[in-house]
Amino acid sequence: MTGLPLVACDLDRTLIYSSRAFWLETTDAQAPPIVVSEVYQGVPISFMTRTAERLLLDLAATATFVPVTTRTVAQYSRVQLPGSVPRFAITTNGGTILVDGEVDPAWSQALQARLGAEAAPLAEVRALLEDPAAGEWIVRVHTAEDLFTYAIIDREAMPADWIAGLHVRCLALGWTVSVQGRKLYCVPEAVNKSAAVAEVHRRLGAPTVLAAGDSLLDQRMLEEAHFAFRPAHGELHDAAFTRHNLAVTARRGILAGEELLHSITRQVYGL
């Protein structure tokens, strides 16, 4: 049990940003100091501001910070957040809970039982993305830890009626669809961030949950938190998502990540 609040925070385009998502509106000379958060094949690919790095270190001293990401365990392992390894982390869109960096087998086993009862097989949904008729906008298809599938897409070439139809077909199979940048995710409804956050909340006995995220895959997590935050960009912003418990940044891009941490820290100190 802990008296500290739980802060569940999405990573990509919420806390850390690729260079394509900086959306800086200043001259280069006025850009904020930026630090590397991830290296892939020897190349820096994800970043946060130096102020965000400091804020995250301070937050970890006053709350239980839990990274929550759609990344697989391997993809998450590339992310270098400041400070020590978080006690809990949630990866694979809630499909995996890490405890002190190690996969929690009890959560994984319970989830597999739910998938068998509630969702169509992964191969059936992956076949929808591999349909030759979608070959003009589906660049390649991947599977994440045998839990869900996602595709790299040409978003401009992808017809609106095709993605709308995919939503309908996946819903009937017990799956959800989310488009984030150049990635299209198809995920079983049972594999969700909110359920994993609820499990960590149960284990910690934390009095308060604060959550931040930018995509449709984060929506339930934000709805179920005591206090929620989102940046002024992403799927939820495009959908004009709002709730009584939700605060939205004034800025977008990498500076929104910094602003989110300012807002979360103020809320934690006010509890």
# chains A, B, ... in the order shown; residues from 1 in each chain; ligands from 1
>>> residues_around(residues="region 133-145 of chain A", least_positions_apart="4", cutoff="10 Å", atoms="only C-alpha atoms", output="PyMOL selection string")
chain A and resi 70-74+92-93+95-96+122-123+126-129+149-159+162+182-187
>>> select_by_dssp(residues="region 148-198 of chain A", states="helix (DSSP H, G or I)", output="PyMOL selection string")
chain A and resi 160-172+193-198
>>> residues_around(residues="Leu260 (chain A)", least_positions_apart="2", cutoff="9 Å", atoms="only C-alpha atoms", output="PyMOL selection string")
chain A and resi 14-15+52+212+229-231+247-249+255-258+262-265
>>> atom_distance(atom1="CA of Leu81 (chain A)", atom2="CA of Phe65 (chain A)")
11.0 Å
>>> atom_distance(atom1="CA of Leu261 (chain A)", atom2="CA of Leu55 (chain A)")
6.3 Å
>>> closest_residue(among="A:Ser18, A:Arg78, A:Pro67, A:Ala239", to="Gly42 (chain A)", atoms="only C-alpha atoms")
A:Arg78
>>> atom_distance(atom1="CA of Thr176 (chain A)", atom2="CA of Asp131 (chain A)")
17.9 Å
>>> residues_around(residues="Ile16 (chain A)", least_positions_apart="4", cutoff="8 Å", atoms="only C-alpha atoms", output="list in words")
Leu11, Asp12, Ser37, Ser46, Phe47, Met48, Ile254 and Gly257 of chain A
>>> residues_around(residues="Pro207 (chain A)", least_positions_apart="5", cutoff="12 Å", atoms="only C-alpha atoms", output="MDAnalysis selection string")
chainID A and resid 1:7 63:64 201:202 225:227 268 271
>>> closest_residue(among="A:Arg20, A:Arg50, A:Asn245, A:Ile90", to="Pro33 (chain A)", atoms="only C-alpha atoms")
A:Arg50
>>> closest_residue(among="A:Ile34, A:Leu236, A:Ala29, A:Ala8", to="Thr51 (chain A)", atoms="only C-alpha atoms")
A:Ile34
>>> closest_residue(among="A:Ser108, A:Leu204, A:His233, A:Val68", to="Gly181 (chain A)", atoms="only C-alpha atoms")
A:His233
>>> select_by_dssp(residues="region 39-253 of chain A", states="strand (DSSP E or B)", output="ChimeraX atom specification")
/A:39-40,43-49,64-68,79,88-91,96-99,102-103,138-144,148-153,175-180,183-188,209-212,227-230,246-248
>>> residues_around(residues="Ser84 (chain A)", least_positions_apart="4", cutoff="12 Å", atoms="only C-alpha atoms", output="PyMOL selection string")
chain A and resi 56-57+60-61+64-66+80+88+100-101
>>> closest_residue(among="A:Leu246, A:Ala119, A:Val125, A:Leu222", to="Glu189 (chain A)", atoms="only C-alpha atoms")
A:Ala119
>>> residues_around(residues="region 172-174 of chain A", least_positions_apart="2", cutoff="7 Å", atoms="only C-alpha atoms", output="number ranges by chain")
A: 118-120, 168-170, 188-189
>>> closest_residue(among="A:Tyr269, A:Trp23, A:Tyr17, A:Tyr76", to="Thr49 (chain A)", atoms="only C-alpha atoms")
A:Tyr17
